>>> print(open('structure.txt').read())   # compact mmCIF, C-alpha atoms
# COMPACT_ATOMS: atom_id res chain seq x y z
CA MET A 1 9.94 -37.30 50.20
CA ASN A 2 7.66 -39.80 48.45
CA ILE A 3 5.49 -42.20 50.46
CA LEU A 4 3.90 -45.12 48.62
CA LEU A 5 0.67 -46.28 50.28
CA THR A 6 -1.03 -49.45 49.03
CA GLY A 7 -4.72 -50.11 49.64
CA ILE A 8 -5.60 -46.41 49.78
CA ASP A 9 -9.28 -47.11 48.98
CA GLY A 10 -9.69 -49.43 51.96
CA TYR A 11 -11.15 -49.11 55.45
CA VAL A 12 -7.73 -48.43 56.99
CA GLY A 13 -5.95 -47.17 53.88
CA TRP A 14 -8.00 -44.04 53.21
CA PRO A 15 -7.81 -42.66 56.79
CA THR A 16 -4.09 -43.45 56.74
CA ALA A 17 -3.65 -41.36 53.59
CA LEU A 18 -5.32 -38.36 55.22
CA LYS A 19 -3.30 -38.61 58.43
CA LEU A 20 -0.07 -39.06 56.46
CA SER A 21 -0.95 -35.96 54.47
CA LYS A 22 -1.36 -33.95 57.68
CA GLU A 23 1.74 -35.32 59.42
CA PHE A 24 3.99 -35.22 56.32
CA PRO A 25 2.85 -32.00 54.59
CA ASP A 26 6.02 -31.77 52.50
CA ALA A 27 5.81 -35.36 51.28
CA ARG A 28 3.95 -36.72 48.29
CA ILE A 29 1.51 -39.49 49.23
CA ILE A 30 1.09 -41.86 46.27
CA GLY A 31 -1.87 -44.15 46.88
CA ILE A 32 -2.36 -47.37 44.94
CA ASP A 33 -5.46 -49.57 44.85
CA ASN A 34 -7.23 -51.93 42.45
CA LEU A 35 -10.62 -51.10 44.06
CA ALA A 36 -11.25 -54.81 44.68
CA ARG A 37 -12.66 -54.36 48.20
CA ARG A 38 -15.75 -52.73 46.74
CA LYS A 39 -16.23 -55.73 44.42
CA TRP A 40 -15.66 -58.37 47.11
CA VAL A 41 -18.29 -56.90 49.43
CA GLU A 42 -20.80 -56.49 46.60
CA GLU A 43 -20.13 -60.10 45.59
CA CYS A 44 -21.18 -61.17 49.10
CA GLY A 45 -24.48 -59.32 48.73
CA ALA A 46 -23.49 -56.58 51.15
CA ILE A 47 -22.72 -52.87 51.12
CA THR A 48 -20.77 -50.31 53.12
CA ALA A 49 -23.08 -48.79 55.73
CA ILE A 50 -21.45 -45.39 55.34
CA PRO A 51 -21.58 -44.37 51.68
CA ILE A 52 -18.16 -43.58 50.21
CA LYS A 53 -17.16 -41.53 47.22
CA THR A 54 -15.10 -42.57 44.23
CA MET A 55 -11.37 -42.15 44.64
CA ASP A 56 -11.38 -39.13 42.31
CA ASP A 57 -14.04 -37.43 44.41
CA ARG A 58 -12.23 -38.34 47.61
CA ILE A 59 -9.03 -36.73 46.38
CA LYS A 60 -10.88 -33.57 45.29
CA THR A 61 -12.63 -33.25 48.66
CA ALA A 62 -9.37 -33.90 50.49
CA GLU A 63 -7.73 -31.06 48.59
CA GLN A 64 -10.57 -28.72 49.60
CA HIS A 65 -9.83 -29.54 53.26
CA GLY A 66 -6.10 -28.90 52.99
CA PHE A 67 -4.90 -32.42 52.16
CA THR A 68 -3.23 -31.32 48.96
CA ASN A 69 -0.41 -33.84 48.64
CA ILE A 70 -2.35 -37.07 47.96
CA SER A 71 -2.46 -38.69 44.51
CA PHE A 72 -4.05 -41.95 43.35
CA MET A 73 -2.94 -44.62 40.91
CA GLN A 74 -5.28 -47.50 40.04
CA GLY A 75 -3.37 -50.72 39.56
CA ASP A 76 -2.97 -54.30 40.74
CA LEU A 77 -0.02 -55.19 42.97
CA VAL A 78 0.09 -58.74 41.61
CA ASP A 79 1.22 -57.19 38.33
CA ARG A 80 4.99 -57.16 38.75
CA ASP A 81 5.57 -54.74 35.85
CA PHE A 82 3.14 -52.23 37.35
CA VAL A 83 4.80 -52.42 40.77
CA ASN A 84 8.28 -52.07 39.33
CA GLU A 85 7.22 -49.07 37.28
CA MET A 86 5.65 -47.29 40.26
CA ILE A 87 8.68 -47.86 42.46
CA SER A 88 11.20 -46.89 39.78
CA ILE A 89 9.32 -43.68 38.96
CA TYR A 90 8.60 -42.44 42.49
CA LYS A 91 11.57 -43.95 44.37
CA PRO A 92 9.70 -43.92 47.71
CA GLU A 93 11.56 -43.48 50.98
CA ILE A 94 8.64 -45.19 52.73
CA VAL A 95 6.34 -47.96 51.49
CA ILE A 96 3.26 -48.59 53.64
CA HIS A 97 1.55 -51.81 52.59
CA VAL A 98 -2.01 -52.13 53.90
CA ALA A 99 -3.53 -53.67 50.76
CA ALA A 100 -4.82 -57.25 51.10
CA GLN A 101 -7.83 -59.50 50.88
CA PRO A 102 -8.40 -59.30 54.66
CA SER A 103 -11.34 -61.61 55.34
CA ALA A 104 -10.92 -65.06 56.85
CA PRO A 105 -14.55 -66.05 56.11
CA TYR A 106 -14.18 -64.92 52.48
CA SER A 107 -11.03 -67.04 52.14
CA HIS A 108 -12.99 -70.06 53.42
CA MET A 109 -15.90 -69.80 50.97
CA ASN A 110 -14.31 -72.31 48.60
CA GLY A 111 -10.98 -73.41 47.15
CA GLU A 112 -11.02 -70.66 44.55
CA LYS A 113 -11.28 -67.95 47.21
CA ALA A 114 -8.55 -69.60 49.31
CA ASN A 115 -6.22 -69.71 46.30
CA TYR A 116 -7.07 -66.16 45.34
CA THR A 117 -6.48 -64.82 48.86
CA GLN A 118 -3.06 -66.37 49.23
CA PHE A 119 -1.90 -65.60 45.70
CA ASN A 120 -3.17 -62.01 45.85
CA ASN A 121 -1.69 -61.23 49.26
CA ASN A 122 1.64 -63.03 48.92
CA GLN A 123 2.33 -62.03 45.32
CA ALA A 124 1.66 -58.38 46.13
CA THR A 125 4.11 -58.39 49.04
CA ARG A 126 6.80 -60.21 47.07
CA ASN A 127 6.44 -57.78 44.17
CA LEU A 128 6.85 -54.80 46.47
CA LEU A 129 9.89 -56.22 48.24
CA TRP A 130 11.61 -57.15 44.99
CA GLY A 131 10.59 -53.86 43.42
CA ILE A 132 12.46 -52.00 46.16
CA LYS A 133 15.44 -54.33 45.79
CA GLU A 134 15.67 -54.09 42.01
CA ALA A 135 15.33 -50.30 42.10
CA ASN A 136 18.37 -50.22 44.42
CA LEU A 137 16.39 -48.53 47.19
CA VAL A 138 17.05 -51.00 50.02
CA SER A 139 19.41 -48.75 51.97
CA GLU A 140 17.09 -45.73 51.90
CA CYS A 141 13.57 -47.19 51.98
CA CYS A 142 11.57 -48.43 54.97
CA PHE A 143 8.92 -51.08 54.26
CA ILE A 144 5.93 -51.09 56.65
CA GLU A 145 3.26 -53.76 56.43
CA THR A 146 0.15 -54.35 58.49
CA THR A 147 0.08 -58.12 58.84
CA THR A 148 -2.21 -59.52 61.55
CA MET A 149 -2.26 -60.71 65.14
CA GLY A 150 -3.88 -63.84 63.68
CA VAL A 151 -0.48 -65.25 62.67
CA TYR A 152 0.06 -66.18 66.33
CA GLY A 153 -2.90 -68.52 66.57
CA ALA A 154 -4.07 -69.13 70.15
CA PRO A 155 -1.11 -70.34 72.24
CA GLU A 156 -1.40 -71.08 75.95
CA PHE A 157 1.30 -68.57 76.90
CA GLU A 158 1.89 -64.83 76.58
CA ILE A 159 2.25 -63.85 72.94
CA PRO A 160 5.59 -62.06 72.45
CA GLU A 161 6.16 -59.24 69.98
CA GLY A 162 7.24 -61.41 67.09
CA PHE A 163 10.12 -63.46 68.47
CA LEU A 164 10.64 -66.41 70.80
CA ASP A 165 13.70 -67.04 72.94
CA ILE A 166 14.47 -70.75 72.48
CA GLU A 167 16.87 -72.64 74.72
CA GLN A 168 17.95 -76.23 74.06
CA PRO A 169 20.67 -78.40 75.67
CA THR A 170 22.90 -77.60 72.69
CA GLY A 171 22.39 -73.83 72.78
CA LYS A 172 19.92 -70.97 72.55
CA ASP A 173 18.65 -68.53 69.93
CA THR A 174 15.95 -65.94 69.22
CA LEU A 175 13.65 -67.10 66.44
CA PRO A 176 10.67 -65.61 64.61
CA TYR A 177 7.35 -66.82 66.02
CA PRO A 178 6.08 -69.63 63.75
CA GLY A 179 2.97 -69.16 61.63
CA MET A 180 0.15 -70.66 63.74
CA ALA A 181 -2.70 -69.10 61.77
CA GLY A 182 -6.20 -70.55 61.81
CA SER A 183 -7.50 -69.45 58.41
CA TRP A 184 -6.37 -69.34 54.79
CA TYR A 185 -6.28 -65.55 55.03
CA HIS A 186 -4.26 -65.45 58.23
CA MET A 187 -1.87 -68.04 56.82
CA SER A 188 -1.30 -65.76 53.82
CA LYS A 189 -0.04 -63.18 56.29
CA SER A 190 2.15 -65.80 57.98
CA ASN A 191 3.68 -66.36 54.55
CA ASP A 192 4.16 -62.59 54.23
CA VAL A 193 5.95 -62.52 57.59
CA ASN A 194 8.38 -65.17 56.38
CA ASN A 195 9.14 -63.14 53.28
CA LEU A 196 9.57 -59.94 55.30
CA TYR A 197 12.03 -61.75 57.55
CA LEU A 198 13.88 -63.10 54.51
CA ALA A 199 14.11 -59.67 52.84
CA ASN A 200 15.66 -58.26 55.98
CA LYS A 201 18.02 -61.18 56.47
CA MET A 202 19.22 -61.24 52.86
CA TRP A 203 19.29 -57.53 52.03
CA ARG A 204 19.14 -55.74 55.40
CA MET A 205 15.97 -54.03 54.24
CA SER A 206 14.34 -51.95 57.00
CA ILE A 207 11.11 -53.77 57.81
CA ILE A 208 8.36 -52.79 60.25
CA ASP A 209 5.73 -55.48 60.75
CA LEU A 210 2.62 -54.16 62.48
CA ARG A 211 0.71 -57.21 63.72
CA THR A 212 -2.70 -55.62 63.39
CA ALA A 213 -5.49 -56.50 65.79
CA ILE A 214 -9.20 -56.45 64.91
CA VAL A 215 -9.91 -52.86 63.89
CA TYR A 216 -13.26 -51.32 64.86
CA GLY A 217 -14.82 -47.88 64.53
CA THR A 218 -16.18 -45.58 61.86
CA GLU A 219 -13.90 -42.58 61.69
CA THR A 220 -10.69 -40.78 62.49
CA GLU A 221 -10.08 -37.14 63.28
CA GLU A 222 -9.52 -36.49 59.57
CA THR A 223 -12.40 -38.48 58.05
CA ALA A 224 -14.80 -36.75 60.47
CA LEU A 225 -14.13 -33.39 58.83
CA ALA A 226 -16.67 -34.01 56.07
CA SER A 227 -19.05 -36.78 55.01
CA GLU A 228 -17.27 -36.90 51.65
CA LEU A 229 -14.08 -37.95 53.46
CA ALA A 230 -15.71 -40.96 55.15
CA THR A 231 -14.13 -44.38 55.04
CA ARG A 232 -16.13 -47.51 54.38
CA PHE A 233 -17.88 -49.48 57.14
CA ASP A 234 -18.59 -53.18 56.55
CA PHE A 235 -20.99 -55.06 58.79
CA ASP A 236 -21.68 -58.33 56.96
CA PHE A 237 -20.50 -61.79 58.02
CA TYR A 238 -17.60 -61.86 55.58
CA PHE A 239 -16.07 -58.40 55.93
CA GLY A 240 -17.61 -56.94 59.08
CA VAL A 241 -15.34 -57.56 62.08
CA VAL A 242 -16.99 -58.60 65.32
CA GLY A 243 -17.29 -55.20 67.03
CA ASN A 244 -18.53 -53.41 63.92
CA ARG A 245 -21.01 -56.18 63.15
CA PHE A 246 -22.39 -56.08 66.71
CA CYS A 247 -22.84 -52.29 66.44
CA ALA A 248 -24.80 -52.70 63.21
CA MET A 249 -26.96 -55.42 64.75
CA VAL A 250 -28.04 -53.28 67.70
CA LEU A 251 -29.09 -50.48 65.35
CA THR A 252 -31.61 -52.73 63.61
CA GLY A 253 -32.98 -54.45 66.72
CA HIS A 254 -31.29 -57.69 65.67
CA PRO A 255 -29.98 -59.76 68.61
CA ILE A 256 -26.24 -59.45 69.16
CA THR A 257 -25.25 -62.95 68.07
CA ILE A 258 -22.31 -64.51 69.87
CA TYR A 259 -20.79 -67.64 68.33
CA GLY A 260 -20.56 -70.29 71.05
CA LYS A 261 -19.65 -69.22 74.57
CA GLY A 262 -17.88 -66.07 73.47
CA GLU A 263 -15.23 -66.39 76.16
CA GLN A 264 -12.34 -66.28 73.71
CA ARG A 265 -10.42 -63.01 73.93
CA LYS A 266 -9.58 -61.16 70.72
CA PRO A 267 -7.06 -58.33 70.27
CA GLN A 268 -8.74 -55.02 69.38
CA ILE A 269 -7.74 -51.53 68.28
CA SER A 270 -9.81 -48.55 67.24
CA LEU A 271 -9.52 -47.20 63.71
CA GLU A 272 -8.10 -43.93 65.07
CA ASP A 273 -5.41 -45.67 67.10
CA CYS A 274 -4.59 -48.05 64.27
CA VAL A 275 -4.03 -45.22 61.82
CA CYS A 276 -2.07 -43.11 64.33
CA SER A 277 0.33 -45.97 64.98
CA ILE A 278 0.89 -46.57 61.26
CA VAL A 279 1.82 -42.92 60.82
CA ASN A 280 4.06 -43.05 63.89
CA ALA A 281 5.84 -46.05 62.38
CA ALA A 282 6.44 -44.03 59.21
CA LYS A 283 8.32 -41.49 61.33
CA LEU A 284 10.90 -44.06 62.46
CA GLN A 285 14.37 -44.03 60.93
CA VAL A 286 15.68 -46.49 58.37
CA ASN A 287 17.85 -48.87 60.41
CA GLY A 288 18.22 -52.14 58.50
CA LYS A 289 16.28 -54.06 61.16
CA PHE A 290 13.21 -56.33 61.15
CA GLU A 291 10.98 -54.86 63.86
CA ILE A 292 7.64 -56.25 65.00
CA TYR A 293 4.93 -54.47 66.98
CA ASN A 294 1.76 -56.08 68.33
CA GLN A 295 -0.71 -53.44 67.11
CA ALA A 296 -3.39 -53.92 69.79
CA THR A 297 -4.62 -51.79 72.68
CA GLU A 298 -6.63 -54.45 74.53
CA ALA A 299 -7.94 -58.02 74.25
CA PRO A 300 -11.51 -58.26 75.56
CA SER A 301 -13.61 -61.39 75.16
CA ILE A 302 -16.33 -61.53 72.51
CA LYS A 303 -18.85 -61.59 75.35
CA ARG A 304 -17.26 -58.46 76.82
CA ILE A 305 -17.54 -56.68 73.45
CA ALA A 306 -21.21 -57.64 73.26
CA GLU A 307 -21.77 -56.25 76.75
CA SER A 308 -20.08 -53.01 75.72
CA VAL A 309 -22.41 -52.78 72.70
CA LYS A 310 -25.40 -53.45 74.94
CA LYS A 311 -24.32 -50.72 77.34
CA ALA A 312 -23.85 -48.18 74.55
CA GLY A 313 -27.10 -49.20 72.88
CA LYS A 314 -29.12 -48.66 76.04
CA ARG A 315 -27.43 -45.30 76.53
CA LEU A 316 -28.72 -44.37 73.05
CA GLU A 317 -32.19 -45.76 73.89
CA LEU A 318 -31.94 -48.76 71.58
CA HIS A 319 -33.45 -52.18 72.22
CA VAL A 320 -30.65 -54.67 72.88
CA GLU A 321 -30.63 -58.47 73.20
CA ILE A 322 -27.71 -60.90 73.31
CA GLU A 323 -28.07 -64.37 71.80
CA HIS A 324 -25.60 -67.28 71.70
CA ILE A 325 -25.61 -69.43 68.54
CA PRO A 326 -23.48 -72.43 67.44
CA ASN A 327 -19.98 -71.38 66.41
CA PRO A 328 -19.34 -71.93 62.65
CA ARG A 329 -15.61 -71.36 63.17
CA VAL A 330 -12.94 -73.76 64.42
CA GLU A 331 -11.47 -71.94 67.43
CA LYS A 332 -10.97 -72.22 71.16
CA GLU A 333 -14.08 -70.85 72.82
CA GLU A 334 -12.49 -70.01 76.18
CA HIS A 335 -9.02 -68.87 75.17
CA LYS A 336 -7.55 -66.28 77.55
CA MET A 337 -5.28 -64.42 75.16
CA VAL A 338 -2.38 -62.59 76.80
CA ILE A 339 -0.35 -60.31 74.53
CA ASN A 340 2.90 -58.46 75.05
CA THR A 341 2.52 -54.95 73.62
CA ASP A 342 5.40 -53.15 75.33
CA LYS A 343 7.02 -51.93 72.11
CA PHE A 344 3.71 -51.00 70.55
CA GLN A 345 2.60 -48.96 73.55
CA LYS A 346 5.71 -46.82 73.13
CA LEU A 347 5.02 -46.44 69.40
CA LEU A 348 1.38 -45.41 69.83
CA GLY A 349 1.45 -43.47 73.09
CA LYS A 350 -1.83 -43.04 74.95
CA PRO A 351 -4.73 -44.74 73.10
CA ARG A 352 -7.55 -42.49 71.96
CA TYR A 353 -10.24 -45.11 72.63
CA ASP A 354 -10.91 -48.11 74.82
CA ILE A 355 -13.55 -50.66 73.86
CA ASP A 356 -16.38 -48.86 75.70
CA SER A 357 -15.73 -45.37 74.34
CA GLY A 358 -14.91 -46.74 70.88
CA ILE A 359 -18.09 -48.81 70.65
CA TYR A 360 -20.23 -45.87 71.78
CA GLN A 361 -18.61 -43.63 69.16
CA THR A 362 -19.27 -46.25 66.50
CA ILE A 363 -22.96 -46.77 67.26
CA ASN A 364 -23.64 -43.06 67.69
CA SER A 365 -22.04 -42.18 64.35
CA LEU A 366 -23.99 -44.96 62.59
CA LEU A 367 -27.42 -43.73 63.71
CA PRO A 368 -28.06 -41.82 60.44
CA TYR A 369 -27.51 -45.06 58.48
CA LYS A 370 -29.67 -47.43 60.54
CA ASP A 371 -32.35 -47.75 57.82
CA LEU A 372 -29.73 -48.64 55.21
CA ILE A 373 -28.17 -51.22 57.52
CA ALA A 374 -31.60 -52.71 58.19
CA GLN A 375 -32.02 -53.41 54.47
CA TYR A 376 -28.98 -55.68 54.61
CA LYS A 377 -29.40 -57.30 58.03
CA ASP A 378 -29.67 -60.69 56.34
CA THR A 379 -25.90 -60.41 55.73
CA PHE A 380 -25.08 -60.36 59.47
CA LEU A 381 -24.77 -64.15 59.60
CA ALA A 382 -23.26 -66.80 57.34
CA LEU A 383 -25.48 -67.99 54.52
>>> encode(input="structure.txt", output="structure tokens")
Amino acid sequence: MNILLTGIDGYVGWPTALKLSKEFPDARIIGIDNLARRKWVEECGAITAIPIKTMDDRIKTAEQHGFTNISFMQGDLVDRDFVNEMISIYKPEIVIHVAAQPSAPYSHMNGEKANYTQFNNNQATRNLLWGIKEANLVSECCFIETTTMGVYGAPEFEIPEGFLDIEQPTGKDTLPYPGMAGSWYHMSKSNDVNNLYLANKMWRMSIIDLRTAIVYGTETEETALASELATRFDFDFYFGVVGNRFCAMVLTGHPITIYGKGEQRKPQISLEDCVCSIVNAAKLQVNGKFEIYNQATEAPSIKRIAESVKKAGKRLELHVEIEHIPNPRVEKEEHKMVINTDKFQKLLGKPRYDIDSGIYQTINSLLPYKDLIAQYKDTFLAL
């Protein structure tokens, strides 16, 4: 079996490669990446708090720890010829697509970044879908993509797992949830969802859409085996998600800065649980369906996350303050997000972390890097 994994150099991609290697020891894991995440973060004047090795060194270290079936190809998924060549050569039974420009703030920097984000993300997905089609692999290949919970926006009703039951006087139907995204990045993923739906409808391609929540944490069971196997950890305004950024703040004595009231609830999942669920999805059978899972374990408010960070910080004898500042983002500040995760709970099983245990693990594991983080604490907030 060949498994094609895009975005292998990324925060989620590298831990996914290791867990795939362990769970599919007889498969070949072919990782693809253009290494752009490293460039984007550097461009924003930031750095990964946990130093990471080159992909060549990562692969060598992985082999030394028994992960012997991972290979790496550098290439850009917007290059249709490159994608077609990779798919035609390896004929993957599973394609796991986690590569993307994932930052809403980065996509809002200017028109160039907005254009780049949508072209990069949507072109890559289209190329992969058509690559599978034109290699005549539709009936035997399952396509798994991590999109985002952000495609739902912030509705005033329970968010379903992908579909809405609509009833009108003239009839009723089940329809895909419309793209209600609130950023140029999240809208790129809404566009991806439409194309995933179309590929399934036209070709009966097996599609699994993991609507990924905000992912926090520093490690998985596999990356913790050696420092050389670490995944990156971003903590700046553009690429550091809220929980990770708060953890970095408390390590430097910087106030935990909450935008606005902080009462809006945001879906969360630990890195470990995120990666486990991706691998579990890869174990599902090809079935010709378009299946959607809300990849979240809980939806605490921003204020609740800050309180969790404060609690963990005090436990580790760190000075902790919480400060509210004007919100630079256009969003509902008191939204009580309710999410249906019935299907996803069955896919994941029992979560490894909740927000309290996950935040404590994150801060504790970052202690050796507190001086490095302090050098870049000016990147915590928007310029």
>>> closest_residue(input="structure.txt", among="A:Met55, A:Ala36, A:Leu20, A:Ile96", to="Asn69 (chain A)", atoms="all atoms listed in the file")
A:Leu20
>>> residues_around(input="structure.txt", residues="region 284-299 of chain A", least_positions_apart="5", cutoff="6 Å", atoms="all atoms listed in the file", output="list in words")
Cys142, Glu161, Gly162, Arg204, Met205, Ser206, Ile207, Ile208, Asp209, Leu210, Arg211, Thr212, Ala213, Arg265, Lys266, Pro267, Gln268, Ile269, Thr341 and Phe344 of chain A
>>> residues_around(input="structure.txt", residues="Asp234 (chain A)", least_positions_apart="3", cutoff="8 Å", atoms="all atoms listed in the file", output="PyMOL selection string")
chain A and resi 47-49+239-241+244-245
>>> atom_distance(input="structure.txt", atom1="CA of Glu228 (chain A)", atom2="CA of Ser103 (chain A)")
25.7 Å
>>> axis_aligned_box(input="structure.txt", around="region 68-78 of chain A", padding_each_side="3 Å", output="AutoDock Vina command-line options")
--center_x -2.6 --center_y -45.0 --center_z 44.3 --size_x 11.4 --size_y 33.4 --size_z 15.4
>>> residues_around(input="structure.txt", residues="Asp192 (chain A)", least_positions_apart="5", cutoff="9 Å", atoms="all atoms listed in the file", output="PyMOL selection string")
chain A and resi 121-122+125-126+147+187+197
>>> atom_distance(input="structure.txt", atom1="CA of Gly45 (chain A)", atom2="CA of Phe233 (chain A)")
14.5 Å
>>> closest_residue(input="structure.txt", among="A:Ser277, A:Thr61, A:Ser308, A:Ser71", to="Ile144 (chain A)", atoms="only C-alpha atoms")
A:Ser277
>>> closest_residue(input="structure.txt", among="A:Ser188, A:Ser107, A:Thr257, A:Thr148", to="Gln123 (chain A)", atoms="all atoms listed in the file")
A:Ser188
>>> atom_distance(input="structure.txt", atom1="CA of Tyr238 (chain A)", atom2="CA of Met109 (chain A)")
9.3 Å
>>> residues_around(input="structure.txt", residues="Ile302 (chain A)", least_positions_apart="6", cutoff="9 Å", atoms="all atoms listed in the file", output="MDAnalysis selection string")
chainID A and resid 242:243 258:259 261:266
>>> write_last_selection(input="structure.txt", atoms="C-alpha atoms", output="PDB file, in the coordinates of the input")
ATOM      1  CA  VAL A 242     -16.990 -58.600  65.320  1.00  0.00           C
ATOM      2  CA  GLY A 243     -17.290 -55.200  67.030  1.00  0.00           C
ATOM      3  CA  ILE A 258     -22.310 -64.510  69.870  1.00  0.00           C
ATOM      4  CA  TYR A 259     -20.790 -67.640  68.330  1.00  0.00           C
ATOM      5  CA  LYS A 261     -19.650 -69.220  74.570  1.00  0.00           C
ATOM      6  CA  GLY A 262     -17.880 -66.070  73.470  1.00  0.00           C
ATOM      7  CA  GLU A 263     -15.230 -66.390  76.160  1.00  0.00           C
ATOM      8  CA  GLN A 264     -12.340 -66.280  73.710  1.00  0.00           C
ATOM      9  CA  ARG A 265     -10.420 -63.010  73.930  1.00  0.00           C
ATOM     10  CA  LYS A 266      -9.580 -61.160  70.720  1.00  0.00           C
TER      11      LYS A 266
END
>>> closest_residue(input="structure.txt", among="A:His97, A:Lys201, A:His65, A:Arg37", to="Thr16 (chain A)", atoms="all atoms listed in the file")
A:His97
>>> closest_residue(input="structure.txt", among="A:Ile87, A:Gly217, A:Ile29, A:Asp236", to="Ala46 (chain A)", atoms="only C-alpha atoms")
A:Asp236
>>> closest_residue(input="structure.txt", among="A:Glu42, A:Ile50, A:Phe143, A:Val250", to="Lys283 (chain A)", atoms="all atoms listed in the file")
A:Phe143
>>> closest_atom_pairs(input="structure.txt", of="region 17-87 of chain A", to="region 127-140 of chain A", cutoff="9 Å", atoms="only C-alpha atoms", output="Markdown table")
| residue | atom | partner | partner_atom | distance |
| --- | --- | --- | --- | --- |
| A:Leu77 | CA | A:Asn127 | CA | 7.1 |
| A:Val78 | CA | A:Asn127 | CA | 6.9 |
| A:Asp79 | CA | A:Asn127 | CA | 7.9 |
| A:Arg80 | CA | A:Asn127 | CA | 5.6 |
| A:Asp81 | CA | A:Asn127 | CA | 8.9 |
| A:Val83 | CA | A:Leu128 | CA | 6.5 |
| A:Asn84 | CA | A:Gly131 | CA | 5.0 |
| A:Glu85 | CA | A:Gly131 | CA | 8.5 |
| A:Met86 | CA | A:Gly131 | CA | 8.8 |
| A:Ile87 | CA | A:Gly131 | CA | 6.4 |
>>> residues_around(input="structure.txt", residues="Gly7 (chain A)", least_positions_apart="4", cutoff="12 Å", atoms="only C-alpha atoms", output="number ranges by chain")
A: 11-17, 30-38, 55, 72-77, 95-102, 121, 124, 145-146
>>> decode(input="structure.txt", residues="region 136-159 of chain A", atoms="C-alpha atoms", output="PDB file, in the first residue's frame")
ATOM      1  CA  ASN A 136      -7.923   6.065 -13.109  1.00  0.00           C
ATOM      2  CA  LEU A 137      -7.646   5.558  -9.347  1.00  0.00           C
ATOM      3  CA  VAL A 138     -11.085   6.822  -8.293  1.00  0.00           C
ATOM      4  CA  SER A 139     -12.528   3.407  -7.445  1.00  0.00           C
ATOM      5  CA  GLU A 140      -9.576   2.365  -5.276  1.00  0.00           C
ATOM      6  CA  CYS A 141      -8.336   5.591  -3.672  1.00  0.00           C
ATOM      7  CA  CYS A 142      -9.698   7.410  -0.623  1.00  0.00           C
ATOM      8  CA  PHE A 143      -9.083  11.172  -0.469  1.00  0.00           C
ATOM      9  CA  ILE A 144      -8.858  12.657   3.042  1.00  0.00           C
ATOM     10  CA  GLU A 145      -8.553  16.393   3.577  1.00  0.00           C
ATOM     11  CA  THR A 146      -8.345  18.452   6.732  1.00  0.00           C
ATOM     12  CA  THR A 147     -10.474  21.478   5.904  1.00  0.00           C
ATOM     13  CA  THR A 148     -11.572  23.629   8.853  1.00  0.00           C
ATOM     14  CA  MET A 149     -14.423  24.193  11.271  1.00  0.00           C
ATOM     15  CA  GLY A 150     -14.177  27.816  10.120  1.00  0.00           C
ATOM     16  CA  VAL A 151     -16.232  27.071   6.999  1.00  0.00           C
ATOM     17  CA  TYR A 152     -19.333  27.075   9.224  1.00  0.00           C
ATOM     18  CA  GLY A 153     -18.982  30.658  10.370  1.00  0.00           C
ATOM     19  CA  ALA A 154     -20.872  31.420  13.593  1.00  0.00           C
ATOM     20  CA  PRO A 155     -24.526  30.409  13.160  1.00  0.00           C
ATOM     21  CA  GLU A 156     -27.081  30.752  15.952  1.00  0.00           C
ATOM     22  CA  PHE A 157     -27.947  27.038  15.920  1.00  0.00           C
ATOM     23  CA  GLU A 158     -26.163  23.734  16.474  1.00  0.00           C
ATOM     24  CA  ILE A 159     -23.576  23.157  13.770  1.00  0.00           C
TER      25      ILE A 159
END
